[in-house]
>>> print(open('upload-v2.txt').read())   # compact mmCIF, C-alpha atoms
# COMPACT_ATOMS: atom_id res chain seq x y z
CA ALA A 1 -16.45 -3.32 7.92
CA GLN A 2 -14.04 -0.62 6.93
CA SER A 3 -13.64 -0.01 3.23
CA VAL A 4 -12.22 2.46 0.76
CA THR A 5 -13.77 3.21 -2.62
CA GLN A 6 -12.05 4.92 -5.49
CA PRO A 7 -14.85 5.32 -8.04
CA ASP A 8 -12.62 6.11 -11.02
CA ILE A 9 -10.51 3.27 -12.39
CA HIS A 10 -8.79 5.38 -15.03
CA ILE A 11 -8.63 9.14 -15.60
CA THR A 12 -6.98 11.02 -18.44
CA VAL A 13 -6.17 14.72 -18.16
CA SER A 14 -4.22 17.14 -20.30
CA GLU A 15 -0.91 18.44 -19.07
CA GLY A 16 -1.46 21.70 -17.23
CA ALA A 17 -5.07 20.90 -16.39
CA SER A 18 -6.34 20.50 -12.86
CA LEU A 19 -6.86 17.11 -11.29
CA GLU A 20 -9.19 15.66 -8.69
CA LEU A 21 -9.12 11.99 -7.70
CA ARG A 22 -11.99 10.78 -5.59
CA CYS A 23 -11.85 8.66 -2.46
CA ASN A 24 -14.71 7.62 -0.19
CA TYR A 25 -14.29 5.62 2.97
CA SER A 26 -16.47 3.68 5.33
CA TYR A 27 -15.33 3.90 8.93
CA GLY A 28 -17.08 4.34 12.25
CA ALA A 29 -14.71 6.79 13.86
CA THR A 30 -12.52 9.64 12.68
CA PRO A 31 -10.17 7.91 10.32
CA TYR A 32 -6.53 8.22 9.53
CA LEU A 33 -6.34 8.76 5.77
CA PHE A 34 -3.52 8.42 3.29
CA TRP A 35 -2.80 8.93 -0.40
CA TYR A 36 0.00 6.95 -2.05
CA VAL A 37 1.37 7.04 -5.59
CA GLN A 38 2.88 4.14 -7.53
CA SER A 39 4.86 4.34 -10.75
CA PRO A 40 4.77 1.21 -12.96
CA GLY A 41 6.73 -1.68 -11.47
CA GLN A 42 7.65 0.29 -8.36
CA GLY A 43 6.70 0.45 -4.72
CA LEU A 44 4.31 2.99 -3.20
CA GLN A 45 5.30 6.47 -2.09
CA LEU A 46 3.31 8.50 0.42
CA LEU A 47 1.89 11.74 -0.98
CA LEU A 48 0.10 12.99 2.12
CA LYS A 49 -1.78 11.92 5.24
CA TYR A 50 -4.55 13.17 7.49
CA PHE A 51 -4.73 12.40 11.19
CA SER A 52 -6.61 15.33 12.72
CA GLY A 53 -6.85 19.09 12.69
CA ASP A 54 -6.92 21.16 9.53
CA THR A 55 -9.03 19.31 6.97
CA LEU A 56 -6.95 20.56 4.03
CA VAL A 57 -3.69 18.67 3.90
CA GLN A 58 -0.68 19.60 1.81
CA GLY A 59 1.59 16.93 0.44
CA ILE A 60 4.59 16.42 -1.77
CA LYS A 61 4.78 17.18 -5.50
CA GLY A 62 2.15 19.93 -5.23
CA PHE A 63 -0.71 17.65 -4.19
CA GLU A 64 -3.32 18.43 -1.58
CA ALA A 65 -6.34 16.61 -0.18
CA GLU A 66 -9.41 17.69 1.72
CA PHE A 67 -11.11 15.63 4.41
CA LYS A 68 -14.88 16.06 4.41
CA ARG A 69 -16.46 14.18 7.26
CA SER A 70 -20.03 14.83 6.09
CA GLN A 71 -19.28 13.20 2.74
CA SER A 72 -16.86 10.54 4.05
CA SER A 73 -14.45 11.71 1.40
CA PHE A 74 -10.76 12.47 1.08
CA ASN A 75 -10.27 13.69 -2.48
CA LEU A 76 -6.81 14.37 -3.90
CA ARG A 77 -6.22 17.51 -5.96
CA LYS A 78 -3.52 19.18 -7.97
CA PRO A 79 -4.01 22.53 -9.72
CA SER A 80 -1.77 21.81 -12.71
CA VAL A 81 -0.78 18.30 -13.76
CA HIS A 82 2.67 17.48 -15.14
CA TRP A 83 3.44 14.58 -17.46
CA SER A 84 5.50 13.02 -14.64
CA ASP A 85 2.32 12.68 -12.54
CA ALA A 86 1.16 9.78 -14.71
CA ALA A 87 0.97 6.88 -12.27
CA GLU A 88 -1.49 4.92 -10.16
CA TYR A 89 -2.88 6.54 -7.02
CA PHE A 90 -4.14 4.71 -3.97
CA CYS A 91 -6.25 6.00 -1.11
CA ALA A 92 -6.01 4.17 2.22
CA VAL A 93 -7.58 4.27 5.68
CA GLY A 94 -5.70 3.33 8.84
CA VAL A 95 -7.11 0.67 11.14
CA LYS A 96 -7.45 1.52 14.84
CA GLU A 97 -8.88 -1.70 16.23
CA LEU A 98 -6.80 -3.54 18.80
CA GLY A 99 -4.71 -6.28 17.28
CA SER A 100 -4.57 -4.77 13.82
CA GLN A 101 -3.88 -1.14 14.56
CA GLY A 102 -1.42 0.28 12.13
CA ASN A 103 -2.79 -1.78 9.26
CA LEU A 104 -4.01 0.02 6.17
CA ILE A 105 -7.03 -0.73 3.99
CA PHE A 106 -6.44 0.31 0.40
CA GLY A 107 -8.76 1.31 -2.37
CA LYS A 108 -8.33 -0.39 -5.72
CA GLY A 109 -6.51 2.56 -7.21
CA THR A 110 -7.00 5.15 -9.93
CA LYS A 111 -4.69 5.13 -12.90
CA LEU A 112 -3.84 8.61 -14.15
CA SER A 113 -2.80 9.21 -17.74
CA VAL A 114 -1.55 12.63 -18.87
CA LYS A 115 -2.02 13.87 -22.43
CA PRO A 116 0.62 16.20 -23.87
CA ASP B 117 20.37 5.47 3.47
CA GLY B 118 17.50 3.91 5.38
CA GLY B 119 14.91 1.98 3.51
CA ILE B 120 13.37 -1.33 2.56
CA THR B 121 14.93 -3.75 0.14
CA GLN B 122 13.22 -6.64 -1.60
CA SER B 123 14.94 -9.31 -3.57
CA PRO B 124 14.88 -10.52 -6.20
CA LYS B 125 13.08 -7.98 -8.38
CA TYR B 126 11.90 -10.71 -10.74
CA LEU B 127 11.35 -14.33 -9.81
CA PHE B 128 10.30 -17.27 -11.89
CA ARG B 129 9.10 -20.51 -10.46
CA LYS B 130 7.77 -23.78 -11.75
CA GLU B 131 4.42 -25.03 -10.58
CA GLY B 132 4.68 -27.11 -7.42
CA GLN B 133 7.76 -25.35 -6.09
CA ASN B 134 7.98 -23.24 -2.97
CA VAL B 135 9.76 -19.92 -3.28
CA THR B 136 10.88 -17.36 -0.69
CA LEU B 137 10.81 -13.61 -1.19
CA SER B 138 13.18 -11.50 0.84
CA CYS B 139 12.32 -8.27 2.66
CA GLU B 140 14.85 -6.35 4.76
CA GLN B 141 14.52 -2.94 6.44
CA ASN B 142 17.05 -0.77 8.24
CA LEU B 143 14.54 1.79 9.51
CA ASN B 144 14.36 0.22 12.98
CA HIS B 145 10.64 -0.30 12.46
CA ASP B 146 8.72 -2.73 14.65
CA ALA B 147 5.94 -3.55 12.19
CA MET B 148 6.27 -5.22 8.79
CA TYR B 149 3.71 -6.19 6.16
CA TRP B 150 3.35 -8.26 3.01
CA TYR B 151 0.88 -7.30 0.28
CA ARG B 152 -0.12 -8.90 -2.97
CA GLN B 153 -1.02 -6.67 -5.90
CA ASP B 154 -2.97 -7.81 -8.95
CA PRO B 155 -4.16 -5.49 -11.75
CA GLY B 156 -7.34 -3.68 -10.72
CA GLN B 157 -7.35 -5.25 -7.25
CA GLY B 158 -5.40 -2.75 -5.21
CA LEU B 159 -3.24 -4.09 -2.39
CA ARG B 160 -4.36 -7.08 -0.38
CA LEU B 161 -2.75 -7.91 2.94
CA ILE B 162 -1.16 -11.34 3.20
CA TYR B 163 0.58 -11.30 6.60
CA TYR B 164 1.72 -8.72 9.09
CA SER B 165 4.02 -8.65 12.07
CA GLN B 166 3.88 -6.00 14.77
CA ILE B 167 6.82 -7.33 16.75
CA VAL B 168 9.64 -9.84 16.44
CA ASN B 169 8.60 -13.50 16.81
CA ASP B 170 4.95 -12.67 16.24
CA PHE B 171 2.88 -12.41 13.07
CA GLN B 172 -0.77 -12.47 12.06
CA LYS B 173 -2.70 -13.58 9.00
CA GLY B 174 -4.09 -10.93 6.75
CA ASP B 175 -6.96 -11.20 4.33
CA ILE B 176 -5.39 -13.67 1.89
CA ALA B 177 -2.92 -15.78 3.91
CA GLU B 178 -3.80 -19.17 2.41
CA GLY B 179 -0.86 -20.66 0.56
CA TYR B 180 1.67 -18.32 2.14
CA SER B 181 3.90 -18.48 5.20
CA VAL B 182 6.20 -16.01 6.98
CA SER B 183 8.70 -15.78 9.79
CA ARG B 184 9.93 -12.88 11.90
CA GLU B 185 13.07 -14.00 13.68
CA LYS B 186 14.81 -10.64 13.39
CA LYS B 187 13.46 -7.11 13.55
CA GLU B 188 15.04 -6.28 10.19
CA SER B 189 13.75 -9.23 8.20
CA PHE B 190 10.32 -10.57 7.21
CA PRO B 191 10.62 -13.22 4.47
CA LEU B 192 7.54 -14.51 2.67
CA THR B 193 7.30 -18.07 1.35
CA VAL B 194 4.88 -18.76 -1.44
CA THR B 195 4.04 -22.42 -1.17
CA SER B 196 2.78 -24.88 -3.76
CA ALA B 197 -0.62 -24.61 -2.05
CA GLN B 198 -1.10 -21.10 -3.41
CA LYS B 199 -3.38 -21.63 -6.42
CA ASN B 200 -2.52 -18.53 -8.39
CA PRO B 201 0.78 -17.11 -7.18
CA THR B 202 1.69 -14.99 -10.20
CA ALA B 203 1.52 -11.40 -8.90
CA PHE B 204 3.47 -8.38 -7.73
CA TYR B 205 4.46 -8.63 -4.05
CA LEU B 206 5.13 -5.60 -1.90
CA CYS B 207 6.73 -5.46 1.52
CA ALA B 208 6.21 -2.52 3.86
CA SER B 209 7.18 -1.42 7.34
CA SER B 210 6.01 1.11 9.90
CA ILE B 211 7.12 2.41 13.28
CA GLY B 212 4.80 0.37 15.44
CA ARG B 213 1.42 -0.05 16.99
CA LEU B 214 0.24 3.56 17.08
CA ALA B 215 -3.40 3.06 16.25
CA GLY B 216 -3.66 3.33 12.49
CA GLY B 217 -1.64 6.49 12.34
CA ASN B 218 1.57 5.06 11.06
CA GLU B 219 2.80 5.76 7.62
CA GLN B 220 3.88 2.57 5.90
CA PHE B 221 7.09 2.64 3.89
CA PHE B 222 7.22 0.35 0.89
CA GLY B 223 9.92 -1.64 -0.81
CA PRO B 224 10.32 -1.74 -4.60
CA GLY B 225 8.45 -5.03 -4.97
CA THR B 226 9.08 -8.50 -6.39
CA ARG B 227 7.29 -9.74 -9.47
CA LEU B 228 6.69 -13.47 -9.24
CA THR B 229 5.79 -15.45 -12.31
CA VAL B 230 4.83 -19.11 -12.24
CA LEU B 231 5.76 -20.94 -15.39
>>> encode(input="upload-v2.txt", output="structure tokens")
Amino acid sequence: AQSVTQPDIHITVSEGASLELRCNYSYGATPYLFWYVQSPGQGLQLLLKYFSGDTLVQGIKGFEAEFKRSQSSFNLRKPSVHWSDAAEYFCAVGVKELGSQGNLIFGKGTKLSVKP
Amino acid sequence: DGGITQSPKYLFRKEGQNVTLSCEQNLNHDAMYWYRQDPGQGLRLIYYSQIVNDFQKGDIAEGYSVSREKKESFPLTVTSAQKNPTAFYLCASSIGRLAGGNEQFFGPGTRLTVL
């Protein structure tokens, strides 16, 4: 069965430091991969997505992610974190099977705290 | 502006009562989704609809019901059969059936509390 694992429940970084959030997936074929961000009490906003092609994907707010097929990973990175980046981040894989294509399977999320 | 609206933002209900959460989109999307979010659990799919007048159960459909009579609307009813309904509920939509490649757009959510 398809699954998404985000190994880190909570990460704290200092403002201005670099950030990497980990995501591993289990999927038989080349996946569609997504990163979303959620501020407290709000809906989810798409940061970036990978469908095919270049394995380094650029997103909004200065985020990027790299698809590594050999490691079944899609880690999210940002070179310099801002206090406004404090939020919860979700990795997701898109389902391709007939009948449920278009559905997303989400990881359990990583909460990011930013120290001044 | 196009988007997804959910109402109300906060909802309180007594045990044993059914309650309906509203979700409306003006993005002209074919597909709509309902998720439940609990702390530390991520998003779990309740129901989804890929086309008007059709919907499918997700992973945790027990105690919930939906309808899809209009393309723009996908209301969720939390019934008295749902054992632990207190949660944050998110509605989403996407363009259609393109195999897994569709970005889902999310509403702002409804927080349901059972008193």
>>> interface_residues(input="upload-v2.txt", of="chain A", to="chain B", cutoff="12 Å", atoms="all atoms listed in the file", output="ChimeraX atom specification")
/A:4-6,8-10,29-52,88-111
>>> atom_distance(input="upload-v2.txt", atom1="CA of Phe74 in chain A", atom2="CA of Arg22 in chain A")
7.0 Å
>>> closest_residue(input="upload-v2.txt", among="A:Thr12, A:Asn24, A:Ser3, A:Ser113", to="Ser84 in chain A", atoms="only C-alpha atoms")
A:Ser113
>>> residues_near_point(input="upload-v2.txt", point="(12.2, -7.8, 14.5)", cutoff="8 Å", atoms="all atoms listed in the file", output="ChimeraX atom specification")
/B:145-147,167-169,184-189
>>> write_last_selection(input="upload-v2.txt", atoms="C-alpha atoms", output="PDB file, in the frame of the given file")
ATOM      1  CA  HIS B 145      10.640  -0.300  12.460  1.00  0.00           C
ATOM      2  CA  ASP B 146       8.720  -2.730  14.650  1.00  0.00           C
ATOM      3  CA  ALA B 147       5.940  -3.550  12.190  1.00  0.00           C
ATOM      4  CA  ILE B 167       6.820  -7.330  16.750  1.00  0.00           C
ATOM      5  CA  VAL B 168       9.640  -9.840  16.440  1.00  0.00           C
ATOM      6  CA  ASN B 169       8.600 -13.500  16.810  1.00  0.00           C
ATOM      7  CA  ARG B 184       9.930 -12.880  11.900  1.00  0.00           C
ATOM      8  CA  GLU B 185      13.070 -14.000  13.680  1.00  0.00           C
ATOM      9  CA  LYS B 186      14.810 -10.640  13.390  1.00  0.00           C
ATOM     10  CA  LYS B 187      13.460  -7.110  13.550  1.00  0.00           C
ATOM     11  CA  GLU B 188      15.040  -6.280  10.190  1.00  0.00           C
ATOM     12  CA  SER B 189      13.750  -9.230   8.200  1.00  0.00           C
TER      13      SER B 189
END
>>> atom_distance(input="upload-v2.txt", atom1="CA of Val230 in chain B", atom2="CA of Tyr151 in chain B")
17.7 Å
>>> closest_residue(input="upload-v2.txt", among="A:Val114, A:Ser73, A:Ala65, A:Leu56", to="Ser26 in chain A", atoms="all atoms listed in the file")
A:Ser73
>>> atom_distance(input="upload-v2.txt", atom1="CA of Leu112 in chain A", atom2="CA of Ala87 in chain A")
5.4 Å
>>> residues_around(input="upload-v2.txt", residues="Ser183 in chain B", least_positions_apart="4", cutoff="8 Å", atoms="all atoms listed in the file", output="VMD selection string")
chain B and resid 169 171 190 to 192
>>> residues_around(input="upload-v2.txt", residues="Gly62 in chain A", least_positions_apart="3", cutoff="10 Å", atoms="all atoms listed in the file", output="MDAnalysis selection string")
chainID A and resid 47 58:59 77:81
>>> closest_residue(input="upload-v2.txt", among="B:Thr193, B:Asn142, B:Gln198, B:Thr136", to="Gly118 in chain B", atoms="only C-alpha atoms")
B:Asn142
>>> build_atoms(input="upload-v2.txt", residues="range 78-99 of chain A", atoms="N, CA, C and O atoms", output="compact mmCIF listing (two decimals), keeping the file's coordinate frame")
# COMPACT_ATOMS: atom_id res chain seq x y z
N LYS A 78 -4.73 18.48 -7.54
CA LYS A 78 -3.52 19.18 -7.97
C LYS A 78 -3.95 20.23 -8.99
O LYS A 78 -4.69 19.92 -9.92
N PRO A 79 -3.51 21.47 -8.84
CA PRO A 79 -4.01 22.53 -9.72
C PRO A 79 -3.51 22.43 -11.16
O PRO A 79 -4.20 22.84 -12.09
N SER A 80 -2.32 21.88 -11.36
CA SER A 80 -1.77 21.81 -12.71
C SER A 80 -0.93 20.53 -12.83
O SER A 80 0.11 20.39 -12.20
N VAL A 81 -1.40 19.62 -13.66
CA VAL A 81 -0.78 18.30 -13.76
C VAL A 81 0.43 18.34 -14.71
O VAL A 81 0.39 18.99 -15.76
N HIS A 82 1.46 17.62 -14.32
CA HIS A 82 2.67 17.48 -15.14
C HIS A 82 2.71 16.07 -15.70
O HIS A 82 2.14 15.14 -15.12
N TRP A 83 3.39 15.91 -16.83
CA TRP A 83 3.44 14.58 -17.46
C TRP A 83 4.00 13.53 -16.49
O TRP A 83 3.62 12.36 -16.53
N SER A 84 4.88 13.96 -15.58
CA SER A 84 5.50 13.02 -14.64
C SER A 84 4.51 12.54 -13.57
O SER A 84 4.85 11.63 -12.79
N ASP A 85 3.32 13.12 -13.51
CA ASP A 85 2.32 12.68 -12.54
C ASP A 85 1.59 11.43 -12.99
O ASP A 85 0.82 10.84 -12.21
N ALA A 86 1.80 11.00 -14.23
CA ALA A 86 1.16 9.78 -14.71
C ALA A 86 1.62 8.60 -13.87
O ALA A 86 2.82 8.31 -13.78
N ALA A 87 0.67 7.94 -13.22
CA ALA A 87 0.97 6.88 -12.27
C ALA A 87 -0.36 6.32 -11.77
O ALA A 87 -1.43 6.72 -12.23
N GLU A 88 -0.27 5.42 -10.80
CA GLU A 88 -1.49 4.92 -10.16
C GLU A 88 -1.53 5.48 -8.74
O GLU A 88 -0.51 5.52 -8.05
N TYR A 89 -2.72 5.88 -8.32
CA TYR A 89 -2.88 6.54 -7.02
C TYR A 89 -3.81 5.71 -6.14
O TYR A 89 -4.88 5.27 -6.59
N PHE A 90 -3.38 5.53 -4.91
CA PHE A 90 -4.14 4.71 -3.97
C PHE A 90 -4.50 5.52 -2.74
O PHE A 90 -3.65 6.17 -2.13
N CYS A 91 -5.76 5.43 -2.36
CA CYS A 91 -6.25 6.00 -1.11
C CYS A 91 -6.30 4.88 -0.07
O CYS A 91 -6.58 3.72 -0.43
N ALA A 92 -6.01 5.20 1.18
CA ALA A 92 -6.01 4.17 2.22
C ALA A 92 -6.52 4.75 3.53
O ALA A 92 -6.36 5.95 3.80
N VAL A 93 -7.12 3.89 4.34
CA VAL A 93 -7.58 4.27 5.68
C VAL A 93 -6.84 3.43 6.70
O VAL A 93 -6.61 2.23 6.48
N GLY A 94 -6.44 4.03 7.80
CA GLY A 94 -5.70 3.33 8.84
C GLY A 94 -6.63 2.67 9.84
O GLY A 94 -7.62 3.26 10.27
N VAL A 95 -6.30 1.44 10.20
CA VAL A 95 -7.11 0.67 11.14
C VAL A 95 -6.72 1.03 12.56
O VAL A 95 -5.53 1.17 12.88
N LYS A 96 -7.72 1.17 13.44
CA LYS A 96 -7.45 1.52 14.84
C LYS A 96 -7.77 0.39 15.80
O LYS A 96 -7.43 0.46 16.98
N GLU A 97 -8.44 -0.66 15.32
CA GLU A 97 -8.88 -1.70 16.23
C GLU A 97 -7.70 -2.47 16.82
O GLU A 97 -6.72 -2.76 16.13
N LEU A 98 -7.85 -2.82 18.10
CA LEU A 98 -6.80 -3.54 18.80
C LEU A 98 -6.46 -4.83 18.08
O LEU A 98 -7.34 -5.56 17.65
N GLY A 99 -5.19 -5.08 17.95
CA GLY A 99 -4.71 -6.28 17.28
C GLY A 99 -4.32 -6.04 15.85
O GLY A 99 -3.47 -6.75 15.31
